[in-house]
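Peer 1: Structure in structure tokens, see below.
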Number of protein chains: 2
Amino acid sequence: MTDFAITVADIEAAATRTAGHLRRTPLLSSPFIDEIAGRRVLVKPECLQHTGSFKARGAWSAISALAPDVRAKGVIAFSSGNHAQGVAWAARSHGVPSVIIMPADAPALKIANTRAYGAEVVLYDREKEDRDQIGAEMAAARGLTLVKPFDEPMVIAGQGTTGLEIAEQAAEEGVETADVLVCCGGGGLTSGIALALSDRAPGLRVRPVEPEGFDDVARSLSAGAIQRNNRMGGSICDAIVTPQPGNLTFPILSSLCGPGLAVSDDEALSAVAEAFLRLKIVAEPGGAVALAAALTRQDQIEGDAVVVVVSGGNVDPAMFARALESRGK
Amino acid sequence: MTDFAITVADIEAAATRTAGHLRRTPLLSSPFIDEIAGRRVLVKPECLQHTGSFKARGAWSAISALAPDVRAKGVIAFSSGNHAQGVAWAARSHGVPSVIIMPADAPALKIANTRAYGAEVVLYDREKEDRDQIGAEMAAARGLTLVKPFDEPMVIAGQGTTGLEIAEQAAEEGVETADVLVCCGGGGLTSGIALALSDRAPGLRVRPVEPEGFDDVARSLSAGAIQRNNRMGGSICDAIVTPQPGNLTFPILSSLCGPGLAVSDDEALSAVAEAFLRLKIVAEPGGAVALAAALTRQDQIEGDAVVVVVSGGNVDPAMFARALESRGK
């Protein structure tokens with residue numbers, strides 16, 4: 001087997017460190033969802049995780065893995081979204097400071113939330129300032145440790161704890177062979193789950209799901225080499241749009257995952273509405289693309305059952321209302 | 001101790017019968033909710049239960065307790081709401097027929113859902129027909145067993161399994177003394193939880209929460225005798241509006257619960273919005289009154305922590321959109 005950035009033992013160690021601090025999210029289902037999908041669908045709702053997304057897992061794992069004297073100086077992250085909240089929350093849980101570098105034009109609610117989780121938010125001007133330089137200077141001056149969003153071994157290990165839970169929960173449901181659809185940005189969650197399942201439930205095959213037009217991972221898997229997205233903006237699934245798969249995540253994805261899938265914005269919105277109506281959970285559009293694939297790509301999925309990870313639920317009321325209206329059409 | 005309709009042993013037996021068939025819902029929390037409430041809030045989201053409400057527990061418990069030859073003939077229930085779906089689902093899970101008597105003017109979606117869960121839905125005209133007579137004739141002709149919505153020992157025992165879980169989960173969170181706020185209609189869920197906690201976690205005190213103007217349970221507790229509501233219609237919290245507490249549930253409530261609380265429709269809608277934004281769960285207005293009380297009746301609640309049961313999430317998109325808009329005001 002190829003040498004990966006982490007091993008299953010790293011995921012197990014992350015599970016030990018995070019025990020009692022992260023939620024073991026349940027596995028949900030609905031006969032109505034099964035009927036649309038044409039097979040049994042088991043949904044892992046990471047929107048119910050602390051901070052409303054799986055990002056809390058990786059952040060807690062990474063911060064808990066730091067040497068105490070290093071950790072005490074604090075951490076820093078660049079993010080305007082779910083990773084920001086995950087890092088802020090995990091830092092506060094450890095009693096250490098966090099600095100989050102966010103664009104000044106980020107939504108006010110996200111800035112407020114990140115501050116409310118205890119972070120010092122530093123805003124920069126996307127047009128005129130270099131966020132990397134700002135971050136590097138602050139990190140050097142204060143001895144802060146950078147927590148990257150996905151291409152970071154202990155972050156991948158933390159996200160992989162989702163996979164350990166899926167392996168156990170799917171077995172409890174009698175599901176040993178299935179595709180496991182995972183909403184995929186840089187690939188931290190997807191690669192972590194794939195590694196965990198390769199060891200614990202080899203009959204469960206991970207498949208990344210992305211928004212159409214931003215399917216860098218699917219194209220990279222198909223080409224056998226890292227491909228970039230042509231653009232970064234314009235998708236309502238912004239939470240999972242990244243320039244390209246990570247240097248650490250791609251070898252894992254390439255070695256362990258099945259082909260990628262991609263869904264449209266409208267399909268993601270419909271999945272948000274079905275998750276509301278049938279599962280009683282709040283999914284953000286980017287967090288619903290895997291469910292959307294289960295509901296609309298029946299002929300591209302194998303097996304009598306499929307596992308779907310809903311990766312996050314940090315959606316504003318206006319977008320959610322739009323999803324509910326889309327179903328009425 | 002007074003002789004109640006059931007004992008804790010009945011709840012334990014229900015937990016054994018239902019194990020593997022019902023979901024153990026998690027305990028959720030959010031620092032944002034804690035801040036509004038002024039204390040730690042632990043939320044038990046029964047909206048994530050099968051069929052979208054706790055009613056699946058009582059229905060499964062009651063049907064599983066029937067003698068096999070009796071059960072095989074099928075069950076019957078009167079309901080246009082969550083109890084209908086719970087009974088239909090539990091009957092199908094047992095492979096037995098169910099008949100649900102619903103008013104012909106019930107929302108089309110609820111009728112469709114109940115049918116989709118496998119029930120034979122019999123519609124009656126509220127103005128011209130007597131539903132009890134229709135039900136009695138069908139039950140006699142086919143040998144169907146009536147599953148009452150709350151004043152039925154094995155239903156109360158099933159709802160009480162929620163209390164066994166709360167006792168364990170609160171202890172895991174280090175909470176041993178707290179008010180436990182429960183959305184209350186006829187009192188099946190509230191009395192079941194109260195009985196379970198009186199045995200397993202005596203520091204947790206149950207308090208029923210109702211919509212203002214439909215606070216028959218609070219007034220009954222205060223008066224020491226069963227009081228009726230003056231009217232049945234006009235609340236958006238329709239799921240928990242009943243004429244009066246049950247003959248079996250009231251003695252339990254009276255003996256074990258603290259004073260009742262009541263909240264307005266607007267407060268319930270705001271709680272639906274907070275549950276969306278901070279917990280990523282879908283609550284129906286009637287299922288959110290306990291959370292509303294935690295968020296608005298701080299001075300009527302005792303202790304550093306409070307446990308809140310969100311009892312259901314079967315809300316239509318238009319009402320949910322209204323809740324989201326209410327927060328924007």
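In the structure tokens, the first chain shown is A, the next is B, and so on; residue numbers restart at 1 for each chain, and ligands run from 1 in the order shown.
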With a distance threshold of 10 Å and counting only C-alpha atoms, extract the residues of chain A near chain B and express them as a VMD selection string.

Peer 2: chain A and resid 20 23 to 32 45 to 53 89 113 116 to 117 172 to 173 273 275 to 284 312 to 318 320 to 325 327 to 328

Peer 1: How would the residues just picked look written out with N, CA and C atoms as a short mmCIF file (atom, residue, chain, number, x, y, z; two decimals), in the first residue's frame?

Peer 2:
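Written file, out16.cif:
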```cif
data_model
loop_
_atom_site.label_atom_id
_atom_site.label_comp_id
_atom_site.auth_asym_id
_atom_site.auth_seq_id
_atom_site.Cartn_x
_atom_site.Cartn_y
_atom_site.Cartn_z
N GLY A 20 -15.70 12.19 23.91
CA GLY A 20 -16.34 13.01 24.93
C GLY A 20 -16.40 14.48 24.56
N ARG A 23 -19.49 15.03 19.02
CA ARG A 23 -20.71 14.23 19.04
C ARG A 23 -20.56 13.02 18.13
N ARG A 24 -21.05 11.90 18.61
CA ARG A 24 -21.22 10.76 17.74
C ARG A 24 -22.58 10.98 17.06
N THR A 25 -22.57 11.47 15.84
CA THR A 25 -23.83 11.77 15.16
C THR A 25 -24.53 10.45 14.83
N PRO A 26 -25.88 10.45 14.84
CA PRO A 26 -26.60 9.20 14.58
C PRO A 26 -26.61 8.87 13.08
N LEU A 27 -27.24 7.78 12.73
CA LEU A 27 -27.45 7.43 11.32
C LEU A 27 -28.96 7.51 11.10
N LEU A 28 -29.39 8.39 10.22
CA LEU A 28 -30.82 8.63 10.00
C LEU A 28 -31.28 7.98 8.70
N SER A 29 -32.59 7.82 8.59
CA SER A 29 -33.15 7.26 7.36
C SER A 29 -34.61 7.63 7.27
N SER A 30 -35.18 7.46 6.10
CA SER A 30 -36.60 7.72 5.88
C SER A 30 -37.07 6.87 4.72
N PRO A 31 -38.20 6.20 4.88
CA PRO A 31 -38.71 5.42 3.74
C PRO A 31 -38.99 6.29 2.52
N PHE A 32 -39.29 7.58 2.75
CA PHE A 32 -39.56 8.47 1.62
C PHE A 32 -38.29 8.74 0.82
N PRO A 45 -25.61 12.69 9.66
CA PRO A 45 -25.82 14.14 9.67
C PRO A 45 -24.76 14.91 10.46
N GLU A 46 -23.68 15.26 9.80
CA GLU A 46 -22.62 16.02 10.49
C GLU A 46 -23.02 17.48 10.71
N CYS A 47 -24.17 17.87 10.15
CA CYS A 47 -24.71 19.20 10.51
C CYS A 47 -25.04 19.25 11.99
N LEU A 48 -25.24 18.10 12.61
CA LEU A 48 -25.54 18.06 14.05
C LEU A 48 -24.29 18.07 14.91
N GLN A 49 -23.13 18.05 14.25
CA GLN A 49 -21.87 18.12 15.00
C GLN A 49 -21.74 19.51 15.64
N HIS A 50 -20.91 19.63 16.66
CA HIS A 50 -20.62 20.95 17.23
C HIS A 50 -20.23 21.92 16.11
N THR A 51 -20.67 23.15 16.20
CA THR A 51 -20.44 24.24 15.23
C THR A 51 -21.17 24.01 13.90
N GLY A 52 -21.98 22.96 13.81
CA GLY A 52 -22.80 22.76 12.62
C GLY A 52 -22.10 22.14 11.43
N SER A 53 -20.90 21.61 11.63
CA SER A 53 -20.26 20.89 10.52
C SER A 53 -19.17 19.97 11.05
N TRP A 89 -14.02 27.18 18.00
CA TRP A 89 -14.67 26.38 19.03
C TRP A 89 -13.67 25.42 19.71
N ASN A 113 -20.48 34.92 14.38
CA ASN A 113 -20.44 33.57 14.95
C ASN A 113 -19.02 33.18 15.35
N ALA A 116 -18.15 34.87 18.37
CA ALA A 116 -18.91 34.34 19.50
C ALA A 116 -18.32 33.02 20.00
N TYR A 117 -17.68 32.28 19.10
CA TYR A 117 -17.01 31.04 19.53
C TYR A 117 -15.68 31.35 20.21
N GLU A 172 -24.20 -2.16 12.28
CA GLU A 172 -25.39 -2.32 13.12
C GLU A 172 -26.66 -2.38 12.28
N GLU A 173 -26.65 -1.69 11.15
CA GLU A 173 -27.81 -1.68 10.25
C GLU A 173 -27.77 -2.84 9.26
N ALA A 273 -34.20 20.54 0.70
CA ALA A 273 -35.64 20.48 1.01
C ALA A 273 -36.05 19.08 1.46
N ALA A 275 -34.14 16.87 2.92
CA ALA A 275 -33.56 16.65 4.26
C ALA A 275 -34.41 17.34 5.32
N PHE A 276 -34.92 18.52 4.99
CA PHE A 276 -35.86 19.23 5.88
C PHE A 276 -37.11 18.40 6.11
N LEU A 277 -37.71 17.96 5.00
CA LEU A 277 -39.04 17.36 5.07
C LEU A 277 -38.99 15.93 5.62
N ARG A 278 -37.98 15.19 5.27
CA ARG A 278 -37.97 13.75 5.58
C ARG A 278 -37.04 13.36 6.70
N LEU A 279 -35.99 14.16 6.93
CA LEU A 279 -35.03 13.79 7.97
C LEU A 279 -35.04 14.77 9.14
N LYS A 280 -35.68 15.92 8.94
CA LYS A 280 -35.80 16.95 9.99
C LYS A 280 -34.45 17.51 10.39
N ILE A 281 -33.54 17.58 9.41
CA ILE A 281 -32.24 18.20 9.66
C ILE A 281 -32.06 19.38 8.72
N VAL A 282 -31.19 20.30 9.15
CA VAL A 282 -30.87 21.49 8.37
C VAL A 282 -29.53 21.27 7.67
N ALA A 283 -29.57 21.17 6.36
CA ALA A 283 -28.35 21.00 5.57
C ALA A 283 -28.08 22.27 4.78
N GLU A 284 -26.82 22.64 4.63
CA GLU A 284 -26.48 23.74 3.73
C GLU A 284 -26.31 23.14 2.33
N GLY A 312 -22.60 19.58 6.53
CA GLY A 312 -22.77 20.79 7.32
C GLY A 312 -24.15 21.40 7.16
N GLY A 313 -24.49 22.30 8.08
CA GLY A 313 -25.82 22.91 8.08
C GLY A 313 -25.80 24.42 8.32
N ASN A 314 -24.66 25.06 8.02
CA ASN A 314 -24.57 26.50 8.26
C ASN A 314 -25.08 27.29 7.06
N VAL A 315 -26.38 27.37 6.98
CA VAL A 315 -27.05 28.02 5.85
C VAL A 315 -27.88 29.18 6.40
N ASP A 316 -27.92 30.30 5.66
CA ASP A 316 -28.70 31.42 6.19
C ASP A 316 -30.18 31.22 5.84
N PRO A 317 -31.06 31.87 6.63
CA PRO A 317 -32.50 31.65 6.45
C PRO A 317 -33.00 31.92 5.03
N ALA A 318 -32.44 32.94 4.36
CA ALA A 318 -32.93 33.27 3.02
C ALA A 318 -32.63 32.13 2.03
N PHE A 320 -32.19 29.01 2.81
CA PHE A 320 -33.01 27.86 3.19
C PHE A 320 -34.43 28.03 2.68
N ALA A 321 -34.96 29.24 2.82
CA ALA A 321 -36.31 29.50 2.31
C ALA A 321 -36.36 29.26 0.80
N ARG A 322 -35.28 29.62 0.10
CA ARG A 322 -35.21 29.39 -1.35
C ARG A 322 -35.28 27.89 -1.64
N ALA A 323 -34.61 27.10 -0.83
CA ALA A 323 -34.64 25.64 -1.02
C ALA A 323 -36.06 25.10 -0.81
N LEU A 324 -36.74 25.61 0.22
CA LEU A 324 -38.09 25.13 0.49
C LEU A 324 -39.04 25.51 -0.65
N GLU A 325 -38.86 26.73 -1.17
CA GLU A 325 -39.70 27.17 -2.30
C GLU A 325 -39.45 26.33 -3.54
N ARG A 327 -38.94 23.35 -3.83
CA ARG A 327 -39.67 22.09 -3.82
C ARG A 327 -41.13 22.30 -4.20
N GLY A 328 -41.64 23.49 -3.91
CA GLY A 328 -43.03 23.76 -4.22
C GLY A 328 -43.30 23.88 -5.72
#
```

Peer 1: Write out as a list in words each polymer residue whose atoms come within 12 Å of Leu66 of chain A, counting only C-alpha atoms; drop sequence neighbours fewer than 2 positions from it.

Peer 2: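 My reading of the contact set: Ala14, Arg17, Ala59, Trp60, Ser61, Ala62, Ile63, Ser64, Pro68, Asp69, Val70, Arg71, Ala72, Lys73, Gly74, Val75, Ala91, His94, Val96, Leu144, Thr145, Leu146, Val147, Met154 and Val155 of chain A.
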
Peer 1: Between atom CA of Gly233 of chain A and atom CA of Gly213 of chain A, what is the distance in Å, rounded to a tenth?

Peer 2: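 These two atoms are separated by 10.2 Å.
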
Peer 1: Please provide as a VMD selection string all residues within 10 Å of Arg200 of chain A, with the sequence filter that same-chain residues fewer than 3 positions apart are discarded (counting only C-alpha atoms).

Peer 2: chain A and resid 8 163 to 168 194 to 197 203 to 204

Peer 1: For the atom pair atom CA of Ile33 of chain B and atom CA of Thr296 of chain B, what is the interatomic distance in Å to one decimal place?

Peer 2: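 So the two atoms, atom CA of Ile33 of chain B and atom CA of Thr296 of chain B, lie 11.2 Å apart.
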
Peer 1: Enumerate the residues of segment 78-152 of chain B with a DSSP assignment of helix (DSSP H, G or I), computed from the backbone, and present them as a ChimeraX atom specification.

Peer 2: /B:82-93,108-116,131-142

Peer 1: Could you write those residues out with C-alpha atoms, as an mmCIF file, in the first residue's frame?

Peer 2:
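And here is the file that came out, part-v7.cif:
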```cif
data_model
loop_
_atom_site.group_PDB
_atom_site.id
_atom_site.type_symbol
_atom_site.label_atom_id
_atom_site.label_comp_id
_atom_site.auth_asym_id
_atom_site.auth_seq_id
_atom_site.Cartn_x
_atom_site.Cartn_y
_atom_site.Cartn_z
ATOM 1 C CA ASN B 82 -47.971 12.547 14.538
ATOM 2 C CA HIS B 83 -49.719 9.658 16.296
ATOM 3 C CA ALA B 84 -51.158 8.538 12.942
ATOM 4 C CA GLN B 85 -47.717 8.321 11.396
ATOM 5 C CA GLY B 86 -46.254 6.625 14.456
ATOM 6 C CA VAL B 87 -48.915 3.913 14.506
ATOM 7 C CA ALA B 88 -48.763 3.352 10.741
ATOM 8 C CA TRP B 89 -44.985 3.031 10.818
ATOM 9 C CA ALA B 90 -44.906 0.766 13.874
ATOM 10 C CA ALA B 91 -47.620 -1.491 12.461
ATOM 11 C CA ARG B 92 -45.761 -1.901 9.191
ATOM 12 C CA SER B 93 -42.541 -2.599 11.099
ATOM 13 C CA ALA B 108 -53.303 16.297 2.002
ATOM 14 C CA LEU B 109 -49.648 15.867 2.921
ATOM 15 C CA LYS B 110 -50.498 14.240 6.255
ATOM 16 C CA ILE B 111 -52.947 11.867 4.596
ATOM 17 C CA ALA B 112 -50.387 10.989 1.939
ATOM 18 C CA ASN B 113 -47.657 10.446 4.513
ATOM 19 C CA THR B 114 -49.824 8.205 6.650
ATOM 20 C CA ARG B 115 -50.721 6.124 3.592
ATOM 21 C CA ALA B 116 -47.079 6.021 2.561
ATOM 22 C CA ARG B 131 -65.597 8.914 13.959
ATOM 23 C CA ASP B 132 -65.918 6.816 17.106
ATOM 24 C CA GLN B 133 -68.771 4.862 15.584
ATOM 25 C CA ILE B 134 -66.866 4.315 12.336
ATOM 26 C CA GLY B 135 -63.842 3.157 14.296
ATOM 27 C CA ALA B 136 -65.808 0.886 16.617
ATOM 28 C CA GLU B 137 -67.550 -0.815 13.710
ATOM 29 C CA MET B 138 -64.315 -1.409 11.817
ATOM 30 C CA ALA B 139 -62.524 -2.610 14.935
ATOM 31 C CA ALA B 140 -65.316 -5.066 15.741
ATOM 32 C CA ALA B 141 -65.614 -6.358 12.185
ATOM 33 C CA ARG B 142 -61.882 -6.966 11.744
#
```
